[in-house]
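Q: Here you go, this is coords_25.pdb (PDB, C-alpha atoms, pLDDT in the B column).
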ATOM      1  CA  MET A   1      12.658  35.088  78.847  1.00 40.00           C
ATOM      2  CA  THR A   2      10.031  37.746  79.288  1.00 40.00           C
ATOM      3  CA  SER A   3       7.918  38.603  82.288  1.00 44.00           C
ATOM      4  CA  ASP A   4       4.198  38.199  82.945  1.00 49.00           C
ATOM      5  CA  SER A   5       3.776  41.767  81.706  1.00 49.00           C
ATOM      6  CA  ALA A   6       4.668  40.687  78.150  1.00 54.00           C
ATOM      7  CA  THR A   7       2.378  41.875  75.414  1.00 59.00           C
ATOM      8  CA  SER A   8       1.389  40.009  72.292  1.00 63.00           C
ATOM      9  CA  GLN A   9       3.825  42.312  70.449  1.00 78.00           C
ATOM     10  CA  THR A  10       6.886  40.940  72.292  1.00 84.00           C
ATOM     11  CA  PRO A  11       8.723  38.160  70.429  1.00 93.00           C
ATOM     12  CA  VAL A  12       9.682  35.157  72.561  1.00 94.00           C
ATOM     13  CA  PHE A  13      12.449  32.831  71.372  1.00 95.00           C
ATOM     14  CA  THR A  14      13.137  29.428  72.894  1.00 95.00           C
ATOM     15  CA  PRO A  15      16.182  27.730  71.366  1.00 96.00           C
ATOM     16  CA  ALA A  16      16.356  24.017  70.591  1.00 94.00           C
ATOM     17  CA  GLY A  17      16.807  22.223  73.882  1.00 92.00           C
ATOM     18  CA  GLY A  18      15.608  25.311  75.784  1.00 95.00           C
ATOM     19  CA  GLY A  19      12.748  25.787  78.186  1.00 96.00           C
ATOM     20  CA  THR A  20      12.020  24.836  81.771  1.00 96.00           C
ATOM     21  CA  VAL A  21      11.687  21.057  82.126  1.00 97.00           C
ATOM     22  CA  VAL A  22       9.571  19.317  84.758  1.00 97.00           C
ATOM     23  CA  TRP A  23       8.593  15.741  85.444  1.00 96.00           C
ATOM     24  CA  SER A  24       4.907  15.415  86.200  1.00 95.00           C
ATOM     25  CA  MET A  25       2.422  12.535  86.111  1.00 94.00           C
ATOM     26  CA  GLY A  26       5.065  10.225  84.622  1.00 95.00           C
ATOM     27  CA  ASN A  27       5.750  12.581  81.695  1.00 96.00           C
ATOM     28  CA  ARG A  28       8.450  15.067  80.742  1.00 97.00           C
ATOM     29  CA  PHE A  29       7.128  18.588  80.085  1.00 97.00           C
ATOM     30  CA  THR A  30       9.295  21.281  78.476  1.00 97.00           C
ATOM     31  CA  PHE A  31       7.760  24.750  78.657  1.00 97.00           C
ATOM     32  CA  LYS A  32       8.377  26.276  75.231  1.00 97.00           C
ATOM     33  CA  LEU A  33       6.041  29.251  75.760  1.00 97.00           C
ATOM     34  CA  ARG A  34       4.390  30.223  79.036  1.00 96.00           C
ATOM     35  CA  ALA A  35       1.062  32.031  79.191  1.00 95.00           C
ATOM     36  CA  GLY A  36       2.711  35.063  80.781  1.00 93.00           C
ATOM     37  CA  GLU A  37       5.066  35.326  77.815  1.00 94.00           C
ATOM     38  CA  SER A  38       2.172  35.629  75.336  1.00 93.00           C
ATOM     39  CA  ALA A  39      -0.131  38.012  77.230  1.00 93.00           C
ATOM     40  CA  HIS A  40      -1.934  34.776  78.222  1.00 93.00           C
ATOM     41  CA  ALA A  41      -2.945  34.154  74.586  1.00 95.00           C
ATOM     42  CA  LEU A  42      -1.426  30.672  74.481  1.00 96.00           C
ATOM     43  CA  GLY A  43       0.941  28.171  76.012  1.00 97.00           C
ATOM     44  CA  LEU A  44       3.176  25.639  74.286  1.00 98.00           C
ATOM     45  CA  LEU A  45       4.562  22.467  75.814  1.00 98.00           C
ATOM     46  CA  GLU A  46       6.779  19.762  74.383  1.00 98.00           C
ATOM     47  CA  VAL A  47       5.723  16.534  76.075  1.00 98.00           C
ATOM     48  CA  VAL A  48       7.386  13.125  76.189  1.00 98.00           C
ATOM     49  CA  ALA A  49       5.029  10.415  77.460  1.00 97.00           C
ATOM     50  CA  PRO A  50       6.018   6.773  78.019  1.00 97.00           C
ATOM     51  CA  VAL A  51       4.375   3.799  76.333  1.00 97.00           C
ATOM     52  CA  GLY A  52       1.080   3.090  78.080  1.00 95.00           C
ATOM     53  CA  SER A  53       0.687   6.628  79.428  1.00 94.00           C
ATOM     54  CA  ALA A  54      -3.027   7.437  79.533  1.00 94.00           C
ATOM     55  CA  PRO A  55      -4.601  10.342  81.409  1.00 92.00           C
ATOM     56  CA  PRO A  56      -8.233   9.884  82.445  1.00 91.00           C
ATOM     57  CA  LEU A  57     -10.931  11.159  80.127  1.00 94.00           C
ATOM     58  CA  HIS A  58     -11.295  14.822  80.936  1.00 95.00           C
ATOM     59  CA  VAL A  59     -12.701  18.144  79.757  1.00 97.00           C
ATOM     60  CA  HIS A  60     -10.979  21.534  79.625  1.00 97.00           C
ATOM     61  CA  HIS A  61     -13.466  24.272  80.450  1.00 97.00           C
ATOM     62  CA  ARG A  62     -11.065  27.168  79.772  1.00 97.00           C
ATOM     63  CA  GLU A  63      -8.866  26.354  76.807  1.00 97.00           C
ATOM     64  CA  ALA A  64      -8.824  24.687  73.423  1.00 98.00           C
ATOM     65  CA  GLU A  65      -5.906  22.402  72.655  1.00 97.00           C
ATOM     66  CA  VAL A  66      -3.914  21.374  69.607  1.00 98.00           C
ATOM     67  CA  PHE A  67      -1.689  18.289  69.727  1.00 97.00           C
ATOM     68  CA  VAL A  68       0.960  17.627  67.074  1.00 98.00           C
ATOM     69  CA  LEU A  69       2.583  14.192  67.328  1.00 98.00           C
ATOM     70  CA  LEU A  70       6.299  14.335  66.509  1.00 98.00           C
ATOM     71  CA  GLU A  71       7.400  10.802  67.474  1.00 98.00           C
ATOM     72  CA  GLY A  72       5.690   7.586  68.546  1.00 98.00           C
ATOM     73  CA  SER A  73       2.037   6.676  68.238  1.00 98.00           C
ATOM     74  CA  MET A  74      -1.126   7.158  70.257  1.00 98.00           C
ATOM     75  CA  LEU A  75      -4.812   6.442  70.236  1.00 97.00           C
ATOM     76  CA  TYR A  76      -6.780   9.599  70.937  1.00 96.00           C
ATOM     77  CA  GLN A  77     -10.416   9.770  72.000  1.00 97.00           C
ATOM     78  CA  ALA A  78     -12.151  13.076  71.327  1.00 97.00           C
ATOM     79  CA  GLY A  79     -15.856  13.067  72.115  1.00 96.00           C
ATOM     80  CA  ASP A  80     -17.176   9.726  70.855  1.00 96.00           C
ATOM     81  CA  ALA A  81     -14.577   9.389  68.075  1.00 97.00           C
ATOM     82  CA  MET A  82     -11.273   7.522  68.248  1.00 97.00           C
ATOM     83  CA  TYR A  83      -8.241   8.650  66.233  1.00 98.00           C
ATOM     84  CA  GLU A  84      -4.902   6.962  65.597  1.00 98.00           C
ATOM     85  CA  LEU A  85      -2.114   9.525  65.669  1.00 98.00           C
ATOM     86  CA  THR A  86       1.194   8.844  63.934  1.00 98.00           C
ATOM     87  CA  PRO A  87       4.145  11.238  63.492  1.00 98.00           C
ATOM     88  CA  GLY A  88       2.962  14.365  61.721  1.00 98.00           C
ATOM     89  CA  SER A  89      -0.673  13.926  62.805  1.00 98.00           C
ATOM     90  CA  SER A  90      -2.465  16.659  64.687  1.00 98.00           C
ATOM     91  CA  ILE A  91      -5.758  17.021  66.484  1.00 98.00           C
ATOM     92  CA  TYR A  92      -7.654  20.131  67.564  1.00 98.00           C
ATOM     93  CA  LEU A  93      -9.836  19.937  70.671  1.00 97.00           C
ATOM     94  CA  PRO A  94     -12.303  22.786  71.169  1.00 98.00           C
ATOM     95  CA  VAL A  95     -13.108  23.923  74.701  1.00 98.00           C
ATOM     96  CA  GLY A  96     -15.464  21.481  76.388  1.00 97.00           C
ATOM     97  CA  VAL A  97     -14.675  18.343  74.345  1.00 98.00           C
ATOM     98  CA  ARG A  98     -14.191  15.178  76.421  1.00 97.00           C
ATOM     99  CA  HIS A  99     -10.845  13.618  75.513  1.00 97.00           C
ATOM    100  CA  GLY A 100      -7.954  11.399  76.508  1.00 96.00           C
ATOM    101  CA  PHE A 101      -5.203   9.372  74.890  1.00 97.00           C
ATOM    102  CA  ARG A 102      -3.051   6.281  75.299  1.00 97.00           C
ATOM    103  CA  VAL A 103       0.536   6.088  74.061  1.00 98.00           C
ATOM    104  CA  THR A 104       0.877   2.932  71.966  1.00 97.00           C
ATOM    105  CA  GLY A 105       3.701   1.247  70.103  1.00 91.00           C
ATOM    106  CA  PRO A 106       7.223   0.358  71.139  1.00 96.00           C
ATOM    107  CA  SER A 107       8.532   3.808  72.103  1.00 97.00           C
ATOM    108  CA  PRO A 108       7.500   6.948  74.005  1.00 98.00           C
ATOM    109  CA  ALA A 109       5.451   9.625  72.261  1.00 98.00           C
ATOM    110  CA  ARG A 110       6.823  13.122  71.815  1.00 98.00           C
ATOM    111  CA  PHE A 111       4.325  15.821  70.952  1.00 98.00           C
ATOM    112  CA  LEU A 112       3.644  19.520  71.054  1.00 98.00           C
ATOM    113  CA  ALA A 113       0.646  20.643  73.087  1.00 98.00           C
ATOM    114  CA  LEU A 114      -0.622  24.132  72.297  1.00 98.00           C
ATOM    115  CA  THR A 115      -3.325  25.619  74.523  1.00 98.00           C
ATOM    116  CA  LEU A 116      -5.440  28.651  73.729  1.00 97.00           C
ATOM    117  CA  PRO A 117      -5.398  30.563  76.051  1.00 97.00           C
ATOM    118  CA  GLY A 118      -2.342  29.488  77.956  1.00 96.00           C
ATOM    119  CA  GLY A 119      -2.066  28.683  81.637  1.00 95.00           C
ATOM    120  CA  ILE A 120      -2.597  24.943  81.942  1.00 94.00           C
ATOM    121  CA  GLU A 121       1.177  24.512  81.971  1.00 94.00           C
ATOM    122  CA  ASP A 122       1.138  25.870  85.519  1.00 95.00           C
ATOM    123  CA  LEU A 123      -0.729  22.734  86.626  1.00 94.00           C
ATOM    124  CA  TYR A 124       2.186  20.498  85.655  1.00 94.00           C
ATOM    125  CA  GLU A 125       4.662  22.775  87.353  1.00 93.00           C
ATOM    126  CA  GLU A 126       2.542  22.907  90.522  1.00 94.00           C
ATOM    127  CA  ILE A 127       2.321  19.149  90.985  1.00 93.00           C
ATOM    128  CA  GLY A 128       5.595  18.194  89.272  1.00 93.00           C
ATOM    129  CA  ARG A 129       9.239  18.666  90.065  1.00 94.00           C
ATOM    130  CA  PRO A 130      12.298  19.856  88.146  1.00 96.00           C
ATOM    131  CA  ALA A 131      13.500  17.116  85.809  1.00 96.00           C
ATOM    132  CA  GLY A 132      16.310  15.129  87.352  1.00 91.00           C
ATOM    133  CA  GLY A 133      17.933  14.312  84.023  1.00 91.00           C
ATOM    134  CA  PRO A 134      17.285  13.842  80.317  1.00 91.00           C
ATOM    135  CA  GLY A 135      14.929  10.851  80.533  1.00 92.00           C
ATOM    136  CA  LEU A 136      11.470  10.160  81.876  1.00 95.00           C
ATOM    137  CA  PRO A 137      10.460   9.998  85.528  1.00 94.00           C
ATOM    138  CA  GLU A 138       9.072   6.969  87.280  1.00 93.00           C
ATOM    139  CA  PRO A 139       5.327   6.353  86.796  1.00 93.00           C
ATOM    140  CA  PRO A 140       3.162   8.671  88.883  1.00 90.00           C
ATOM    141  CA  THR A 141       2.706   7.761  92.522  1.00 88.00           C
ATOM    142  CA  GLN A 142      -0.681   7.647  94.223  1.00 90.00           C
ATOM    143  CA  GLU A 143       0.281  10.907  95.965  1.00 90.00           C
ATOM    144  CA  GLU A 144       1.005  12.614  92.640  1.00 89.00           C
ATOM    145  CA  ILE A 145      -2.291  11.390  91.165  1.00 89.00           C
ATOM    146  CA  ALA A 146      -4.125  12.617  94.272  1.00 91.00           C
ATOM    147  CA  ALA A 147      -2.391  16.014  93.947  1.00 91.00           C
ATOM    148  CA  TRP A 148      -3.430  16.248  90.276  1.00 90.00           C
ATOM    149  CA  LEU A 149      -7.032  15.389  91.166  1.00 90.00           C
ATOM    150  CA  ALA A 150      -6.987  17.912  94.025  1.00 93.00           C
ATOM    151  CA  VAL A 151      -5.917  20.871  91.850  1.00 94.00           C
ATOM    152  CA  ASN A 152      -7.377  20.088  88.436  1.00 92.00           C
ATOM    153  CA  THR A 153     -10.569  22.095  89.018  1.00 93.00           C
ATOM    154  CA  LYS A 154      -8.396  25.114  89.877  1.00 95.00           C
ATOM    155  CA  TYR A 155      -7.203  24.898  86.253  1.00 95.00           C
ATOM    156  CA  GLY A 156     -10.636  24.358  84.720  1.00 96.00           C
ATOM    157  CA  LEU A 157     -10.303  20.597  84.259  1.00 95.00           C
ATOM    158  CA  GLU A 158     -13.004  18.049  84.961  1.00 94.00           C
ATOM    159  CA  VAL A 159     -12.295  14.304  85.056  1.00 93.00           C
ATOM    160  CA  VAL A 160     -15.200  12.499  83.366  1.00 94.00           C
ATOM    161  CA  GLY A 161     -13.972   8.912  83.035  1.00 90.00           C
ATOM    162  CA  PRO A 162     -11.138   6.426  83.336  1.00 86.00           C
ATOM    163  CA  PRO A 163      -8.108   6.280  81.047  1.00 78.00           C
TER     164      PRO A 163
END
Once you've parsed the file, please lay out its structure as structure tokens.

A:
Amino acid sequence: MTSDSATSQTPVFTPAGGGTVVWSMGNRFTFKLRAGESAHALGLLEVVAPVGSAPPLHVHHREAEVFVLLEGSMLYQAGDAMYELTPGSSIYLPVGVRHGFRVTGPSPARFLALTLPGGIEDLYEEIGRPAGGPGLPEPPTQEEIAAWLAVNTKYGLEVVGPP
């Protein structure tokens, strides 16, 4: 692990199964690369989201995102278009594009979420808690949803619609 003073010239290795793991908003987030480890160039999360998981439509005003679906299936709205993601699919979301997804199918979705620049991972750590085991947490409580809504603007997010 490197410090926040890392430069883009410092390699960062996270072994299989490595990374800080938190439960937040009903999902499991594994921090594979923190913004401070990449001179804030990017952040990388491995996310496991249960069937039915669907964040509200929202916009990122600071970072672009790339999602790569590894397992499961999801419907993804980006702008006015709807995409069906299956394992191996990816989607790029430029800064400012309204988006949201719903995990579909019989099993949780596992995906990589890359943000450029990094930093949004701190949101999930702020409102989440250390994972209490290998599985998924309970669905988010009203208090957790309220906490997410209270801090999302701090991270450049704007909620623009329902799930």

Q: Please expand the PyMOL selection byres ((chain A and resi 144-147) around 10) into the concrete residues it hits in this file, giving the result as a list in words.

A: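 Evaluating the PyMOL selection byres ((chain A and resi 144-147) around 10) on these coordinates yields Ser24, Met25, Gly26, Glu126, Ile127, Gly128, Pro139, Pro140, Thr141, Gln142, Glu143, Trp148, Leu149, Ala150, Val151 and Asn152 of chain A.
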
Q: Name the closest residue to Leu112 in chain A among the candidates A:Gly100, A:Pro56, A:Gly161, A:Pro87; distances are taken between atoms, counting all atoms listed in the file.

A: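 Smallest distance to Leu112 in chain A is found for A:Pro87.
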
Q: With 12 Å as the cut-off and all atoms listed in the file counted, what is the closest atom pair between each nearby residue of range 22-42 of chain A and range 60-73 of chain A? Distances in Å to one decimal, ordered by chain and number, as JSON lines.

A:
{"residue": "A:Ala35", "atom": "CA", "partner": "A:Glu63", "partner_atom": "CA", "distance": 11.7}
{"residue": "A:His40", "atom": "CA", "partner": "A:Glu63", "partner_atom": "CA", "distance": 11.0}
{"residue": "A:Ala41", "atom": "CA", "partner": "A:Glu63", "partner_atom": "CA", "distance": 10.0}
{"residue": "A:Leu42", "atom": "CA", "partner": "A:Glu63", "partner_atom": "CA", "distance": 8.9}

Q: Smallest atom-to-atom distance to Arg34 in chain A: which of A:Gly135, A:Gly19, A:Pro130, A:Pro106, using all atoms listed in the file?

A: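 With all atoms listed in the file as the atom set, the closest residue is A:Gly19.
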
Q: Kindly give the distance, in Å, that separates CA of Arg129 in chain A and CA of Ala39 in chain A, rounded to a single decimal.

A: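 Value for the CA of Arg129 in chain A-CA of Ala39 in chain A distance: 25.0 Å.
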
Q: Could you list the residues chosen by the PyMOL selection byres ((chain A and resi 109) around 7) in this structure as a ChimeraX atom specification?

A: /A:48-50,71-73,103,107-108,110-111

Q: From the options A:Val95, A:Pro11, A:Leu75, A:Leu136, which residue's atoms come nearest to Val47 in chain A, counting only C-alpha atoms?

A: A:Leu136

Q: Determine, counting all atoms listed in the file, which protein, DNA and RNA residues have an atom within 8 Å of an atom of Tyr155 in chain A; residues of the same chain fewer than 6 positions away are not included. Present the result as a ChimeraX atom specification.

A: /A:62,119-120,123

Q: Rank A:Leu93, A:Val51, A:Met82, A:Val21 by their smallest atom-to-atom distance to Thr115 in chain A, using all atoms listed in the file, and report the top residue only.

A: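 Looking at the shortest contact to Thr115 in chain A, the residue is A:Leu93.
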